[in-house]
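Below: protein_23.txt (compact mmCIF, C-alpha atoms and all ligand atoms)
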# COMPACT_ATOMS: atom_id res chain seq x y z
CA MET Y 242 129.26 2.04 -15.59
CA PRO Y 243 126.44 0.96 -13.22
CA ILE Y 244 123.09 2.40 -14.18
CA ASP Y 245 120.49 0.57 -12.12
CA TRP Y 246 120.03 1.48 -8.50
CA TYR Y 247 117.41 -1.10 -7.64
CA ASN Y 248 119.47 -3.67 -5.73
CA GLU Y 249 119.96 -1.22 -2.87
CA PHE Y 250 116.23 -1.48 -2.16
CA VAL Y 251 116.36 -5.20 -1.34
CA ASP Y 252 117.65 -6.52 1.97
CA GLN Y 253 116.23 -9.86 3.05
CA SER Y 254 117.95 -9.59 6.42
CA TYR Y 255 116.13 -6.33 7.26
CA THR Y 256 113.86 -6.38 10.34
CA PRO Y 257 111.12 -3.78 9.94
CA ALA Y 258 110.95 -0.97 12.50
CA GLU Y 259 107.82 -0.66 14.64
CA ASP Y 260 106.76 2.47 12.78
CA ASP Y 261 107.43 1.20 9.24
CA ILE Y 262 104.43 0.78 6.95
CA ILE Y 263 104.56 -2.81 5.68
CA CYS Y 264 103.00 -3.67 2.33
CA LEU Y 265 102.20 -7.09 0.96
CA PHE Y 266 102.26 -7.39 -2.83
CA SER Y 267 102.03 -10.24 -5.28
CA CYS Y 268 104.20 -9.81 -8.33
CA THR Y 269 104.77 -11.47 -11.68
CA PRO Y 270 108.00 -10.04 -13.07
CA THR Y 271 108.32 -9.48 -16.81
CA SER Y 272 110.24 -12.26 -18.52
CA GLY Y 273 113.98 -11.83 -18.10
CA ILE Y 274 113.61 -10.00 -14.75
CA SER Y 275 114.18 -11.90 -11.52
CA MET Y 276 111.77 -11.60 -8.60
CA LYS Y 277 114.53 -9.92 -6.60
CA GLU Y 278 115.08 -7.32 -9.29
CA ALA Y 279 111.36 -6.72 -9.60
CA ALA Y 280 111.10 -6.36 -5.81
CA GLY Y 281 113.85 -3.76 -5.82
CA ARG Y 282 112.17 -1.83 -8.59
CA VAL Y 283 108.80 -1.81 -6.83
CA ALA Y 284 110.42 -0.67 -3.57
CA SER Y 285 112.43 1.95 -5.39
CA GLU Y 286 109.68 3.45 -7.54
CA SER Y 287 107.25 3.56 -4.61
CA SER Y 288 109.70 5.37 -2.33
CA THR Y 289 112.78 7.42 -3.22
CA GLY Y 290 114.24 5.73 -6.27
CA THR Y 291 114.43 6.32 -9.97
CA TRP Y 292 115.64 4.19 -12.88
CA THR Y 293 119.29 5.24 -12.77
CA THR Y 294 122.01 6.03 -10.29
CA LEU Y 295 122.17 9.73 -9.52
CA TYR Y 296 124.86 12.34 -9.51
CA SER Y 297 123.89 13.65 -6.13
CA LEU Y 298 122.42 11.62 -3.27
CA PRO Y 299 122.72 13.14 0.23
CA PRO Y 300 123.47 10.26 2.65
CA ARG Y 301 120.37 10.96 4.82
CA MET Y 302 118.22 9.97 1.82
CA ARG Y 303 119.07 6.36 2.58
CA ASP Y 304 116.83 6.62 5.64
CA LEU Y 305 113.80 7.23 3.42
CA GLN Y 306 114.36 4.28 1.10
CA ALA Y 307 111.88 1.43 1.18
CA THR Y 308 113.25 -2.08 1.71
CA ALA Y 309 111.94 -5.24 0.08
CA PHE Y 310 112.66 -7.59 2.96
CA GLU Y 311 110.70 -10.76 2.20
CA ILE Y 312 110.26 -12.63 -1.06
CA ASP Y 313 108.20 -15.80 -0.94
CA GLY Y 314 107.16 -17.21 -4.32
CA PRO Y 315 105.12 -14.47 -5.96
CA TYR Y 316 104.64 -12.65 -2.64
CA LEU Y 317 106.69 -9.74 -1.60
CA LYS Y 318 106.82 -7.58 1.52
CA ILE Y 319 108.19 -4.08 1.50
CA ALA Y 320 108.84 -1.86 4.53
CA TYR Y 321 108.46 1.90 4.15
CA PRO Y 322 109.97 4.29 6.70
CA ILE Y 323 107.35 6.44 8.42
CA GLY Y 324 109.24 9.61 7.49
CA LEU Y 325 108.30 9.12 3.83
CA TRP Y 326 104.68 9.85 4.53
CA GLU Y 327 102.89 13.12 5.15
CA GLU Y 328 100.93 13.10 8.39
CA GLY Y 329 97.21 12.60 7.83
CA ASN Y 330 97.43 12.57 4.00
CA ALA Y 331 96.09 9.21 2.84
CA VAL Y 332 96.15 10.36 -0.76
CA GLN Y 333 99.92 10.79 -0.65
CA LEU Y 334 100.28 7.25 0.68
CA LEU Y 335 98.43 6.01 -2.40
CA SER Y 336 100.65 8.00 -4.74
CA GLY Y 337 103.54 5.98 -3.30
CA ILE Y 338 102.45 2.43 -2.56
CA ALA Y 339 99.63 2.38 -5.13
CA GLY Y 340 101.08 4.70 -7.75
CA ASN Y 341 103.50 4.37 -10.69
CA ILE Y 342 104.47 0.83 -9.76
CA PHE Y 343 101.45 -0.75 -11.47
CA GLY Y 344 102.66 0.53 -14.82
CA MET Y 345 106.33 -0.45 -14.65
CA LYS Y 346 107.61 -2.41 -17.65
CA ALA Y 347 109.60 -4.60 -15.22
CA VAL Y 348 106.42 -6.19 -13.85
CA ASP Y 349 103.87 -8.04 -15.87
CA GLN Y 350 101.40 -8.00 -13.00
CA LEU Y 351 101.51 -6.43 -9.59
CA ARG Y 352 98.89 -6.47 -6.87
CA LEU Y 353 98.84 -4.48 -3.66
CA ILE Y 354 97.19 -6.90 -1.26
CA ASP Y 355 97.32 -5.12 2.09
CA ALA Y 356 99.34 -2.74 4.23
CA THR Y 357 99.93 -2.70 7.98
CA LEU Y 358 99.55 0.86 9.19
CA PRO Y 359 101.51 1.48 12.41
CA GLN Y 360 100.21 3.60 15.28
CA ALA Y 361 102.60 6.35 14.22
CA TYR Y 362 100.67 6.60 10.95
CA LEU Y 363 97.16 6.10 12.38
CA ARG Y 364 97.78 8.86 14.94
CA ASN Y 365 96.95 11.53 12.37
CA PHE Y 366 93.57 10.11 11.35
CA ASP Y 367 90.23 10.18 13.13
CA GLY Y 368 88.55 7.25 11.36
CA PRO Y 369 84.75 6.77 11.43
CA HIS Y 370 82.87 9.37 13.45
CA PHE Y 371 80.44 7.02 15.23
CA GLY Y 372 81.83 3.48 15.21
CA ASN Y 373 79.39 0.57 15.04
CA ASP Y 374 78.21 0.93 18.63
CA GLY Y 375 77.58 4.61 17.99
CA ILE Y 376 75.54 3.82 14.87
CA ARG Y 377 73.49 1.24 16.76
CA LYS Y 378 72.77 3.77 19.48
CA LEU Y 379 71.82 6.39 16.93
CA MET Y 380 69.45 3.98 15.18
CA LYS Y 381 68.27 2.28 18.38
CA ILE Y 382 68.88 -1.14 16.78
CA HIS Y 383 70.52 -3.87 18.79
CA GLY Y 384 71.13 -7.57 18.25
CA ARG Y 385 70.22 -7.78 14.58
CA PRO Y 386 71.62 -6.61 11.24
CA LEU Y 387 70.72 -3.14 10.01
CA THR Y 388 68.50 -3.48 6.95
CA GLY Y 389 67.96 -1.37 3.86
CA ALA Y 390 66.83 -1.31 0.25
CA VAL Y 391 67.30 0.70 -2.91
CA PRO Y 392 64.14 1.54 -4.89
CA LYS Y 393 64.41 -0.37 -8.16
CA PRO Y 394 64.78 0.23 -11.07
CA LYS Y 395 67.89 2.01 -9.86
CA ILE Y 396 67.20 5.28 -11.63
CA GLY Y 397 64.18 6.75 -13.36
CA PHE Y 398 61.66 7.40 -10.59
CA SER Y 399 60.58 10.93 -9.74
CA ALA Y 400 61.35 12.14 -6.21
CA ALA Y 401 57.75 11.46 -5.15
CA GLU Y 402 57.71 7.95 -6.63
CA HIS Y 403 61.07 7.19 -5.04
CA ALA Y 404 59.87 8.38 -1.62
CA GLU Y 405 56.68 6.33 -1.90
CA ILE Y 406 58.71 3.15 -2.45
CA GLY Y 407 60.93 4.23 0.41
CA PHE Y 408 57.87 4.54 2.62
CA GLU Y 409 56.79 0.99 1.73
CA THR Y 410 60.31 -0.23 2.50
CA TRP Y 411 60.26 1.38 5.95
CA MET Y 412 56.75 0.14 6.65
CA GLY Y 413 57.83 -3.40 5.85
CA GLY Y 414 60.26 -3.17 8.76
CA PHE Y 415 63.49 -1.99 7.12
CA ASP Y 416 65.65 0.67 8.74
CA PHE Y 417 67.08 2.39 5.67
CA VAL Y 418 66.10 3.48 2.21
CA LYS Y 419 69.11 3.80 -0.02
CA ASP Y 420 69.76 5.71 -3.23
CA ASP Y 421 71.40 3.83 -6.01
CA GLU Y 422 74.94 4.65 -7.04
CA ASN Y 423 73.98 6.44 -10.24
CA LEU Y 424 71.14 8.42 -8.74
CA THR Y 425 72.32 11.88 -7.68
CA SER Y 426 70.37 14.91 -8.88
CA THR Y 427 68.89 14.30 -12.30
CA SER Y 428 66.35 16.39 -14.21
CA PHE Y 429 63.58 13.96 -13.24
CA ASN Y 430 64.63 13.48 -9.60
CA ARG Y 431 66.45 16.47 -8.11
CA PHE Y 432 68.38 15.90 -4.90
CA ASP Y 433 66.53 18.62 -3.00
CA ASP Y 434 63.12 17.32 -4.09
CA ARG Y 435 64.07 13.81 -3.07
CA VAL Y 436 65.24 14.96 0.35
CA THR Y 437 61.99 16.85 0.90
CA ALA Y 438 59.84 13.91 -0.21
CA LEU Y 439 61.80 11.35 1.80
CA THR Y 440 61.80 13.54 4.90
CA GLU Y 441 58.04 13.75 4.85
CA LYS Y 442 57.67 9.98 4.36
CA ARG Y 443 60.28 9.21 7.00
CA ASP Y 444 58.43 11.28 9.58
CA LYS Y 445 55.21 9.50 8.72
CA ALA Y 446 56.83 6.04 8.86
CA GLU Y 447 58.46 6.85 12.20
CA GLN Y 448 55.15 8.02 13.60
CA LEU Y 449 53.30 4.93 12.38
CA THR Y 450 55.91 2.38 13.43
CA GLY Y 451 57.46 4.04 16.48
CA GLU Y 452 60.83 3.00 15.02
CA LYS Y 453 63.83 5.07 13.96
CA LYS Y 454 63.98 5.29 10.16
CA SER Y 455 66.80 6.64 8.05
CA ALA Y 456 68.24 6.76 4.53
CA PHE Y 457 71.50 6.68 2.60
CA ILE Y 458 70.88 9.59 0.24
CA ASN Y 459 73.53 9.91 -2.45
CA ILE Y 460 75.38 13.25 -2.31
CA THR Y 461 78.04 12.24 -4.88
CA ALA Y 462 79.17 15.24 -6.95
CA ASP Y 463 82.08 17.70 -6.88
CA THR Y 464 83.26 18.34 -3.32
CA GLU Y 465 81.61 21.74 -2.85
CA THR Y 466 78.26 20.41 -4.07
CA MET Y 467 78.60 17.42 -1.75
CA LYS Y 468 79.04 19.81 1.18
CA GLN Y 469 75.87 21.69 0.24
CA ARG Y 470 73.98 18.43 -0.05
CA ALA Y 471 75.29 17.27 3.32
CA ASP Y 472 74.07 20.57 4.81
CA LEU Y 473 70.60 19.91 3.44
CA LEU Y 474 70.57 16.39 4.87
CA ALA Y 475 71.54 17.64 8.32
CA ALA Y 476 68.98 20.44 8.16
CA ASN Y 477 66.28 17.84 7.51
CA GLY Y 478 67.27 15.68 10.44
CA TRP Y 479 69.07 12.91 8.55
CA ASN Y 480 71.97 11.07 10.18
CA TYR Y 481 73.71 9.65 7.08
CA ALA Y 482 75.07 10.78 3.73
CA MET Y 483 75.96 8.37 0.96
CA ILE Y 484 79.04 8.80 -1.26
CA ASP Y 485 80.26 6.75 -4.22
CA VAL Y 486 83.70 6.82 -2.66
CA VAL Y 487 85.85 5.42 -5.45
CA VAL Y 488 84.53 7.65 -8.19
CA ALA Y 489 84.40 10.70 -5.90
CA GLY Y 490 88.01 10.10 -4.86
CA PHE Y 491 89.90 9.73 -1.62
CA ALA Y 492 90.60 13.44 -1.17
CA ALA Y 493 86.92 14.29 -1.48
CA VAL Y 494 85.99 11.57 1.00
CA MET Y 495 88.57 12.91 3.46
CA THR Y 496 87.12 16.40 3.20
CA LEU Y 497 83.56 15.13 3.52
CA ARG Y 498 84.41 12.92 6.48
CA ASP Y 499 85.25 15.97 8.56
CA TYR Y 500 82.44 18.02 7.13
CA CYS Y 501 79.86 15.30 7.77
CA SER Y 502 81.29 14.62 11.19
CA ASP Y 503 80.64 18.25 12.19
CA LEU Y 504 77.06 17.84 10.97
CA GLY Y 505 76.56 14.56 12.83
CA LEU Y 506 76.27 12.55 9.61
CA ALA Y 507 77.68 9.05 9.17
CA ILE Y 508 78.95 8.11 5.70
CA HIS Y 509 77.60 5.19 3.69
CA ALA Y 510 80.29 4.28 1.14
CA HIS Y 511 79.17 2.71 -2.13
CA ARG Y 512 82.16 1.18 -3.92
CA ALA Y 513 81.08 1.50 -7.57
CA MET Y 514 84.16 1.10 -9.85
CA HIS Y 515 86.13 -0.96 -7.34
CA ALA Y 516 86.08 -4.03 -9.60
CA ALA Y 517 87.99 -2.11 -12.28
CA PHE Y 518 91.09 -2.45 -10.10
CA ASP Y 519 90.36 -5.30 -7.67
CA ARG Y 520 88.81 -7.98 -9.86
CA ASP Y 521 91.92 -9.39 -11.55
CA PRO Y 522 93.42 -11.69 -8.88
CA ARG Y 523 96.98 -10.91 -9.96
CA HIS Y 524 96.95 -7.21 -10.69
CA GLY Y 525 95.70 -4.00 -9.16
CA ILE Y 526 94.58 -3.30 -5.63
CA THR Y 527 92.52 -5.61 -3.43
CA MET Y 528 89.18 -4.79 -1.89
CA GLN Y 529 90.84 -5.49 1.45
CA PHE Y 530 93.16 -2.53 0.95
CA LEU Y 531 90.33 -0.31 -0.28
CA ALA Y 532 88.23 -1.21 2.77
CA LYS Y 533 91.18 -0.50 5.05
CA MET Y 534 91.79 2.92 3.51
CA MET Y 535 88.10 3.77 3.77
CA ARG Y 536 87.98 2.89 7.47
CA LEU Y 537 91.12 4.93 7.95
CA ILE Y 538 89.68 8.02 6.31
CA GLY Y 539 86.45 7.62 8.18
CA VAL Y 540 83.51 6.12 6.32
CA SER Y 541 81.00 4.41 8.61
CA GLN Y 542 80.30 1.47 6.32
CA ILE Y 543 81.26 0.16 2.91
CA HIS Y 544 79.99 -2.51 0.52
CA THR Y 545 81.90 -5.77 0.88
CA GLY Y 546 79.93 -8.30 -1.19
CA THR Y 547 77.60 -11.19 -0.54
CA ALA Y 548 79.51 -14.22 -1.88
CA VAL Y 549 76.09 -15.70 -2.81
CA GLY Y 550 74.52 -12.82 -4.76
CA LYS Y 551 74.91 -11.46 -8.28
CA LEU Y 552 78.34 -9.84 -8.00
CA VAL Y 553 81.84 -11.31 -7.75
CA GLY Y 554 83.53 -11.90 -4.37
CA THR Y 555 84.23 -15.04 -2.35
CA THR Y 556 83.11 -16.08 1.13
CA GLN Y 557 86.65 -15.87 2.39
CA GLU Y 558 87.02 -12.36 1.01
CA ALA Y 559 83.80 -11.27 2.72
CA ILE Y 560 85.02 -12.67 6.06
CA VAL Y 561 88.39 -10.95 5.76
CA LEU Y 562 86.74 -7.66 4.77
CA ALA Y 563 84.37 -7.85 7.71
CA ASP Y 564 87.33 -8.32 10.05
CA ILE Y 565 89.25 -5.42 8.56
CA LEU Y 566 86.27 -3.14 9.09
CA ARG Y 567 84.95 -4.36 12.43
CA GLU Y 568 87.82 -5.62 14.56
CA GLU Y 569 90.19 -3.62 16.72
CA LYS Y 570 92.98 -6.12 16.13
CA VAL Y 571 92.93 -7.89 12.78
CA GLN Y 572 94.86 -11.17 12.45
CA ALA Y 573 96.87 -11.80 9.28
CA VAL Y 574 95.39 -14.21 6.74
CA PRO Y 575 98.04 -15.75 4.46
CA GLU Y 576 98.12 -14.15 1.01
CA MET Y 577 95.07 -12.00 1.84
CA ALA Y 578 95.64 -9.69 4.77
CA LEU Y 579 98.27 -8.48 7.21
CA ASP Y 580 97.98 -7.87 10.94
CA GLN Y 581 96.41 -4.56 11.83
CA ASN Y 582 95.98 -2.95 15.22
CA TRP Y 583 93.45 -0.16 14.70
CA GLY Y 584 94.15 1.51 18.05
CA HIS Y 585 91.87 4.55 18.48
CA ILE Y 586 90.22 4.17 15.04
CA LYS Y 587 86.58 3.14 15.48
CA SER Y 588 84.86 0.29 13.65
CA ALA Y 589 82.87 0.41 10.42
CA PHE Y 590 80.11 -1.88 9.16
CA PRO Y 591 80.45 -4.18 6.18
CA VAL Y 592 77.53 -3.83 3.77
CA SER Y 593 76.28 -6.92 2.00
CA SER Y 594 74.31 -6.19 -1.15
CA GLY Y 595 73.71 -7.29 -4.72
CA GLY Y 596 71.27 -9.95 -5.87
CA LEU Y 597 69.97 -10.86 -2.41
CA HIS Y 598 66.45 -12.01 -1.54
CA PRO Y 599 64.95 -13.57 1.61
CA GLY Y 600 65.96 -17.11 0.57
CA LEU Y 601 69.64 -16.12 0.64
CA VAL Y 602 69.56 -14.27 3.96
CA PRO Y 603 70.70 -17.23 6.13
CA GLU Y 604 73.76 -17.82 3.96
CA VAL Y 605 74.76 -14.17 4.17
CA LEU Y 606 74.27 -14.11 7.93
CA ASP Y 607 76.32 -17.30 8.29
CA ILE Y 608 79.17 -15.32 6.76
CA TYR Y 609 78.73 -11.97 8.48
CA GLY Y 610 76.76 -12.61 11.65
CA ASN Y 611 74.65 -9.76 13.00
CA GLU Y 612 77.17 -6.96 12.61
CA LEU Y 613 76.39 -5.83 9.12
CA VAL Y 614 74.19 -3.68 6.97
CA LEU Y 615 72.08 -5.99 4.84
CA LEU Y 616 70.69 -4.52 1.63
CA VAL Y 617 67.99 -6.41 -0.20
CA SER Y 618 66.58 -4.40 -3.08
CA GLY Y 619 65.37 -6.31 -6.16
CA GLY Y 620 64.71 -9.07 -3.63
CA ILE Y 621 61.99 -7.03 -1.87
CA HIS Y 622 60.51 -5.06 -4.76
CA GLY Y 623 60.17 -8.26 -6.78
CA HIS Y 624 58.10 -9.94 -4.05
CA PRO Y 625 54.79 -11.15 -5.54
CA ASP Y 626 52.88 -8.99 -3.04
CA GLY Y 627 55.06 -5.91 -3.34
CA THR Y 628 57.76 -4.00 -1.50
CA ARG Y 629 56.23 -3.96 1.98
CA ALA Y 630 55.70 -7.72 1.94
CA GLY Y 631 59.23 -8.20 0.55
CA ALA Y 632 60.78 -6.23 3.40
CA ALA Y 633 58.66 -8.14 5.91
CA ALA Y 634 59.76 -11.44 4.36
CA THR Y 635 63.41 -10.40 4.71
CA MET Y 636 62.92 -9.46 8.37
CA GLN Y 637 61.26 -12.86 8.91
CA ALA Y 638 64.24 -14.58 7.28
CA ILE Y 639 66.54 -12.73 9.69
CA GLU Y 640 64.40 -13.83 12.65
CA ALA Y 641 64.50 -17.43 11.41
CA TRP Y 642 68.29 -17.36 11.27
CA GLN Y 643 68.47 -15.83 14.74
CA ASP Y 644 66.09 -18.42 16.18
CA GLY Y 645 67.89 -21.31 14.52
CA LEU Y 646 64.88 -22.17 12.34
CA SER Y 647 65.04 -23.15 8.69
CA LEU Y 648 63.26 -20.73 6.35
CA GLU Y 649 60.71 -23.39 5.54
CA GLU Y 650 59.90 -23.85 9.24
CA LYS Y 651 59.58 -20.12 9.72
CA ALA Y 652 57.46 -19.76 6.59
CA GLN Y 653 54.73 -21.87 8.11
CA LYS Y 654 53.80 -18.90 10.29
CA ALA Y 655 55.25 -16.15 8.11
CA PRO Y 656 53.12 -15.76 4.96
CA GLU Y 657 55.32 -13.06 3.38
CA LEU Y 658 58.35 -15.31 3.66
CA ALA Y 659 56.38 -18.24 2.29
CA ARG Y 660 55.46 -16.20 -0.81
CA ALA Y 661 59.09 -15.10 -1.29
CA LEU Y 662 60.31 -18.68 -1.09
CA GLU Y 663 57.67 -19.76 -3.64
CA LYS Y 664 59.15 -17.26 -6.10
CA TRP Y 665 62.87 -17.44 -5.45
CA GLY Y 666 63.59 -20.44 -3.23
CA ALA Y 667 67.38 -20.33 -2.72
CA TYR Y 668 68.02 -19.07 -6.27
CA LYS Y 669 71.51 -17.57 -6.75
CA PRO Y 670 71.48 -14.89 -9.44
CA VAL Y 671 74.38 -14.48 -11.85
C1 LIG M 701 72.12 -3.88 -5.41
C2 LIG M 701 72.77 -2.64 -5.93
C3 LIG M 701 74.17 -2.31 -5.39
C4 LIG M 701 75.18 -3.42 -5.50
C5 LIG M 701 76.60 -2.93 -5.42
C6 LIG M 701 72.87 -2.69 -7.42
O1 LIG M 701 70.82 -4.07 -5.90
O2 LIG M 701 71.98 -1.54 -5.62
O3 LIG M 701 74.62 -1.19 -6.08
O4 LIG M 701 74.95 -4.28 -4.44
O5 LIG M 701 77.51 -3.96 -5.40
O6 LIG M 701 72.66 -1.65 -8.04
O7 LIG M 701 73.23 -3.73 -7.95
P1 LIG M 701 70.07 -5.47 -5.80
P2 LIG M 701 78.43 -4.26 -4.12
O8 LIG M 701 69.91 -5.79 -4.32
O9 LIG M 701 68.74 -5.26 -6.45
O10 LIG M 701 70.90 -6.49 -6.52
O11 LIG M 701 77.53 -4.30 -2.93
O12 LIG M 701 79.05 -5.57 -4.43
O13 LIG M 701 79.40 -3.15 -4.07
MG MG M 702 73.20 -0.17 -6.83
Kindly return the structure encoded in the file as C-alpha cells.
Ligand code: CAP
Ligand code: MG
Amino acid sequence: MPIDWYNEFVDQSYTPAEDDIICLFSCTPTSGISMKEAAGRVASESSTGTWTTLYSLPPRMRDLQATAFEIDGPYLKIAYPIGLWEEGNAVQLLSGIAGNIFGMKAVDQLRLIDATLPQAYLRNFDGPHFGNDGIRKLMKIHGRPLTGAVPKPKIGFSAAEHAEIGFETWMGGFDFVKDDENLTSTSFNRFDDRVTALTEKRDKAEQLTGEKKSAFINITADTETMKQRADLLAANGWNYAMIDVVVAGFAAVMTLRDYCSDLGLAIHAHRAMHAAFDRDPRHGITMQFLAKMMRLIGVSQIHTGTAVGKLVGTTQEAIVLADILREEKVQAVPEMALDQNWGHIKSAFPVSSGGLHPGLVPEVLDIYGNELVLLVSGGIHGHPDGTRAGAAATMQAIEAWQDGLSLEEKAQKAPELARALEKWGAYKPV
C-alpha cells in the first residue's frame, strides 16, 4: 500500500503562475533520500501535505499544493499558490515556508534563501511609512549617509551619562544617537528618564548646531509596553523608535509598524539574534530573506553588516541586502536572491555597523554608496580626543570619500581624522 504522498508535490514541467510565491532553498537531503524526494517533502510540509496518504482529500485541495518545479544541484525552487496565504499576515507565511521544514528528518540541512513576493501578496502590506526620501526630508539630510553612534560601553550608563555622550555625538556632527540592543529600561537607566534626558540634550544640540538631531531609542519589550514607549517618544518630538525586531518577533513588529506610523515614528530595526539562524551557510534562513520580510512589514531601516568590521557578513551579501532594501525592482543574484518587484512598497535604509572607525569609512561607502545609515560607535568614543572629535573625524572621512580624496590627504587639513588614523589606521577588528 502506498504511504508517502510526497511525489505529487514535484513537477519539473510546472510553470509558476504570476501570483505564486516562489521560494529558493538550498537542501542537503539525509543519506538515502534523493533530492527529488527531499524537494517533495519540503513542498509538502510547507503547504498542504503530511507524511502519509489520507483517507479523505477533496479534489480542490490540489489547487493549494505547493510544487517543487526546479532542482539544480543543491538548489530548489518551490511555487506556492497565493490562496494558501492569509492576506496581510506575514507571520503565517513564515509558519509555512520557514516552519516545520527545517526540522524534517528527511533533510540534513535546509536553507531558505529568498522568496519572490508577487503583487497579489504585497497588496495587503503597507511597508515602511516614510521611505528613504521621506526620511531624508524629515531629517533634512541630502547627498550623504545618515550617521549615528551608540554610547559605549553598550549598557551601564545612567540616563544622564548616556544623554551627555549623546550630546557629544550630536555636537561632533552626527545625526543620530542610538541605544544599544540590550539597553531598554533597566534599574540604572529607565526608559522614561533616558527619553527626558535625551530630549533636553537634543534640543540644546539642535539650537547650537542649527541641524536636525534625532535618536534610535530602544522600545523593545512586550507589545503593550512598546506602544506606551512609542507614545512617549512621539510626545517628546522624536521621529524614530528602535526595536530589536528578531527577538521582539514579527507579529509585534507588525503591530508596532502601524502604531508608530500613526505617531509619525520611523522604525530602526536592530537584528540581534539573526546570526543564530542565518550564519550557517547551508541551514536556516538568510539575512536576505529577513531583510525582505522586514521591509515588507514596514521597518524603515535594518542592520545589514559592514563586511570590513567586527561581525560576520561578506561584501557581496551587503550589496545584495542593500538592493533588497533600497530598490524598487531587485534583480536576481544566482544562489543569493530572486527577482523582486516591490511595487507600492517604499524603500528602507541598510544600516552598516559593528567595529567601524574613520579609517574604514571609505571601504564601507565603496560598498553602500551614500544611501545608508552609518553607525560608528566604539570608533568614535575610542578617539584619543573623545567622542566629539571621533564623530568629527568620521564626518571628515565621509567628506574625503565624497571628494575623491584619500584619508591621508584629507587628514592634512582635518586634525580629528589625523588623530583617528594615528590610532587605528585601517585596522580591521575581529
Ligand atoms: C556596534 C553595535 C551593534 C552591532 C550589531 C554592537 O557597536 O552597537 O549592535 O553593529 O551588529 O553592539 O556591536 P560598535 P550588526 O560600532 O562599537 O562595534 O550591525 O551586524 O547587526
Ligand atoms: Mg550594539
Original post:
What does the distance between atom CA of Y:Gly550 and atom CA of Y:Ala510 come to in Å, to one decimal place?
Top reply: 19.0 Å
Original post:
So which residues are close to (67.9, 3.8, 10.9), meaning at most 6 Å away in the file's coordinates with all atoms listed in the file counted, and can you show them as a list in words?
Top reply: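 These residues have at least one counted atom within 6 Å: Met380, Asp416, Phe417, Lys453, Lys454 and Ser455 of chain Y.
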Original post:
What do you get as a PyMOL selection string if you pick all residues at most 8 Å from ligand LIG 701 (chain M), counting all atoms listed in the file?
Top reply: chain Y and resi 390-391+393+395+420-422+511-513+515+543-547+550-554+592-598+616-620
**OP:** Write out as a ChimeraX atom specification which residues come within 12 Å of stretch 401-408 of chain Y when counting all atoms listed in the file, dropping same-chain ones fewer than 2 positions away.
**Re:** /Y:389-399,410-421,424,429-450,454-458,618,621-622,627-629,631-632
Subject >> Counting only C-alpha atoms, the residue of Y:Val671, Y:Leu387, Y:Ile319, Y:Ile376 that sits nearest Y:Leu606 >> reply: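 Looking at the shortest contact to Y:Leu606, the residue is Y:Leu387.
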Original post:
Which of these residues is nearest to Y:Gln350, using all atoms listed in the file: Y:Thr308, Y:Ser502, Y:Ser288, Y:Thr271?
Top reply: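 Among Y:Thr308, Y:Ser502, Y:Ser288, Y:Thr271, it is Y:Thr271 that comes nearest to Y:Gln350.
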Completed stretch 438-447 of chain Y (N, CA, C and O atoms) as an mmCIF file, in the frame of the given file:
data_model
loop_
_atom_site.group_PDB
_atom_site.id
_atom_site.type_symbol
_atom_site.label_atom_id
_atom_site.label_comp_id
_atom_site.auth_asym_id
_atom_site.auth_seq_id
_atom_site.Cartn_x
_atom_site.Cartn_y
_atom_site.Cartn_z
ATOM 1 N N ALA Y 438 60.859 14.978 -0.152
ATOM 2 C CA ALA Y 438 59.840 13.910 -0.210
ATOM 3 C C ALA Y 438 60.169 12.794 0.789
ATOM 4 O O ALA Y 438 59.280 12.290 1.491
ATOM 5 N N LEU Y 439 61.425 12.426 0.867
ATOM 6 C CA LEU Y 439 61.800 11.350 1.800
ATOM 7 C C LEU Y 439 61.630 11.784 3.256
ATOM 8 O O LEU Y 439 61.234 10.993 4.112
ATOM 9 N N THR Y 440 61.915 13.046 3.525
ATOM 10 C CA THR Y 440 61.800 13.540 4.900
ATOM 11 C C THR Y 440 60.347 13.418 5.376
ATOM 12 O O THR Y 440 60.072 12.946 6.489
ATOM 13 N N GLU Y 441 59.460 13.816 4.497
ATOM 14 C CA GLU Y 441 58.040 13.750 4.850
ATOM 15 C C GLU Y 441 57.608 12.291 5.104
ATOM 16 O O GLU Y 441 56.947 11.986 6.101
ATOM 17 N N LYS Y 442 58.050 11.398 4.221
ATOM 18 C CA LYS Y 442 57.670 9.980 4.360
ATOM 19 C C LYS Y 442 58.358 9.329 5.565
ATOM 20 O O LYS Y 442 57.795 8.460 6.224
ATOM 21 N N ARG Y 443 59.590 9.747 5.822
ATOM 22 C CA ARG Y 443 60.280 9.210 7.000
ATOM 23 C C ARG Y 443 59.530 9.573 8.272
ATOM 24 O O ARG Y 443 59.299 8.720 9.138
ATOM 25 N N ASP Y 444 59.126 10.850 8.366
ATOM 26 C CA ASP Y 444 58.430 11.280 9.580
ATOM 27 C C ASP Y 444 57.142 10.484 9.772
ATOM 28 O O ASP Y 444 56.818 10.055 10.881
ATOM 29 N N LYS Y 445 56.463 10.255 8.657
ATOM 30 C CA LYS Y 445 55.210 9.500 8.720
ATOM 31 C C LYS Y 445 55.492 8.048 9.141
ATOM 32 O O LYS Y 445 54.810 7.501 10.021
ATOM 33 N N ALA Y 446 56.504 7.446 8.538
ATOM 34 C CA ALA Y 446 56.830 6.040 8.860
ATOM 35 C C ALA Y 446 57.262 5.914 10.324
ATOM 36 O O ALA Y 446 56.895 4.955 11.007
ATOM 37 N N GLU Y 447 58.022 6.899 10.791
ATOM 38 C CA GLU Y 447 58.460 6.850 12.200
ATOM 39 C C GLU Y 447 57.253 6.945 13.132
ATOM 40 O O GLU Y 447 57.161 6.238 14.131
#
